[in-house]
Amino acid sequence: MERLSMCGCVVPFRKAVKTVNHRHNFNFTVKNSRTGEDAPLSSSSSAYSILGVHPTCSAAELKAAFRAKVKQFHPDVNRNAKGSDTMIRRVIQAYEMLSNFSRSEIIEGECLDPFDNPECEAFDVFVNEALCAGKGCPYSCVQRAPHAFTYASTGTARVTSQGHGEDYQVQLAVGQCPRSCIHYVTPSQRIVLEELLDSILSQPYDSSAEADLLYSLIVKARFENNRYQKPKKQPKASTQHVDWF
């Protein structure tokens, strides 16, 4: 089994490449449900355009283009760039549309594993809507911190904005959640978890495998994020000789 190194971690991936699926020609909407922005992929040509490949490309070329785009728009590389979240979602969705891989297979088996070595402190917030009690929760995070949470159309709580990692009201909402469905994660982890959650919520059939993967990634993120240590700053030292006398 080959291995791919990315973001400071070594991630296994499958050597066998499935045949590229050229049969899709339906509307495929990439919706960032956290911001409400719609990015419709009207056809497979839009997906090829996002990945920057020709429709006649091989499966290996498609996979290589996907990995290159992931690295290009990865939050660890574009920490201050606006729209990197949306772009990496579009890349994941385009690859899912053109390949025979499901979203969980892409996340689990490809180059999207920021959980072994977190890239920074975990200050982003993620809500596992599969467990959220929604409006019936006696300790509603929406009421506790309305500037950070809101109710989705499904009635569950959802994060509306990031950057509140040190906000006391948000900390109360996270700590008082009776179902422990709110978690502090890194930006890279959040994107992967949100993509996997969207896949779970959009499936009309059994999604127990994806739910198990989501749970295991949350547990892994919590463990590794608690071990994260800030890089030590090197003490400034003068290289010039100083004559004290």
# chains A, B, ... in the order shown; residues from 1 in each chain; ligands from 1
$ residues_around --residues "Gly134 (chain A)" --least-positions-apart "6" --cutoff "10 Å" --atoms "only C-alpha atoms" --output "MDAnalysis selection string"
chainID A and resid 140:142 150:152 154:158
$ select_by_dssp --residues "region 79-230 of chain A" --states "alpha helix (DSSP H)" --output "number ranges by chain"
A: 84-98, 103-109, 141-144, 168-176, 187-202, 208-227
$ closest_atom_pairs --of "region 96-159 of chain A" --to "region 211-219 of chain A" --cutoff "9 Å" --atoms "only C-alpha atoms" --output "JSON lines"
{"residue": "A:Ser104", "atom": "CA", "partner": "A:Leu213", "partner_atom": "CA", "distance": 7.9}
{"residue": "A:Glu108", "atom": "CA", "partner": "A:Leu213", "partner_atom": "CA", "distance": 8.1}
{"residue": "A:Phe115", "atom": "CA", "partner": "A:Leu217", "partner_atom": "CA", "distance": 7.3}
{"residue": "A:Asn128", "atom": "CA", "partner": "A:Leu214", "partner_atom": "CA", "distance": 8.8}
{"residue": "A:Ala130", "atom": "CA", "partner": "A:Ala211", "partner_atom": "CA", "distance": 8.3}
$ closest_residue --among "A:Ser208, A:Ala47, A:Asp85, A:Thr186" --to "Glu119 (chain A)" --atoms "only C-alpha atoms"
A:Thr186
$ closest_residue --among "A:Arg179, A:Arg103, A:Arg90, A:His164" --to "Ser46 (chain A)" --atoms "only C-alpha atoms"
A:Arg90
$ closest_residue --among "A:Ile88, A:Ala59, A:Gln169, A:Phe123" --to "Gln72 (chain A)" --atoms "only C-alpha atoms"
A:Ile88
$ closest_residue --among "A:Ser44, A:Thr160, A:Thr86, A:Asn117" --to "Leu98 (chain A)" --atoms "only C-alpha atoms"
A:Ser44
$ closest_residue --among "A:Gly52, A:Gly136, A:Pro178, A:Pro118" --to "Tyr95 (chain A)" --atoms "only C-alpha atoms"
A:Gly52
$ atom_distance --atom1 "CA of Ala221 (chain A)" --atom2 "CA of Arg67 (chain A)"
22.2 Å
$ residues_around --residues "Glu121 (chain A)" --least-positions-apart "4" --cutoff "10 Å" --atoms "only C-alpha atoms" --output "VMD selection string"
chain A and resid 165 184 to 187 225 to 230
$ write_last_selection --atoms "N, CA and C atoms" --output "CSV table (one decimal), in the first residue's frame"
chain,number,residue,atom,x,y,z
A,165,GLY,N,-13.5,31.1,19.3
A,165,GLY,CA,-12.9,30.1,20.2
A,165,GLY,C,-12.7,30.5,21.6
A,184,TYR,N,-14.6,21.6,19.6
A,184,TYR,CA,-13.6,22.5,19.1
A,184,TYR,C,-12.6,21.7,18.2
A,185,VAL,N,-12.4,22.2,17.0
A,185,VAL,CA,-11.6,21.5,16.0
A,185,VAL,C,-10.7,22.5,15.3
A,186,THR,N,-9.8,22.1,14.5
A,186,THR,CA,-9.0,23.0,13.6
A,186,THR,C,-9.7,23.2,12.3
A,187,PRO,N,-9.4,24.3,11.6
A,187,PRO,CA,-10.0,24.5,10.3
A,187,PRO,C,-10.0,23.4,9.3
A,225,ASN,N,-6.0,17.0,19.5
A,225,ASN,CA,-6.0,18.5,19.7
A,225,ASN,C,-5.6,18.8,21.1
A,226,ASN,N,-5.9,17.9,22.1
A,226,ASN,CA,-5.5,18.1,23.5
A,226,ASN,C,-4.0,18.0,23.6
A,227,ARG,N,-3.3,17.3,22.7
A,227,ARG,CA,-1.9,17.1,22.8
A,227,ARG,C,-1.1,18.1,22.0
A,228,TYR,N,-1.8,19.0,21.3
A,228,TYR,CA,-1.2,20.0,20.4
A,228,TYR,C,-0.4,21.0,21.3
A,229,GLN,N,0.8,21.3,20.9
A,229,GLN,CA,1.6,22.3,21.5
A,229,GLN,C,2.1,23.3,20.5
A,230,LYS,N,2.0,24.6,20.9
A,230,LYS,CA,2.4,25.6,20.0
A,230,LYS,C,3.9,25.5,19.7
$ closest_residue --among "A:Glu194, A:Ala94, A:Ala68, A:Val127" --to "Ser49 (chain A)" --atoms "only C-alpha atoms"
A:Ala94
$ atom_distance --atom1 "CA of Leu131 (chain A)" --atom2 "CA of Ile182 (chain A)"
9.5 Å
$ atom_distance --atom1 "CA of Pro146 (chain A)" --atom2 "CA of Leu197 (chain A)"
21.9 Å
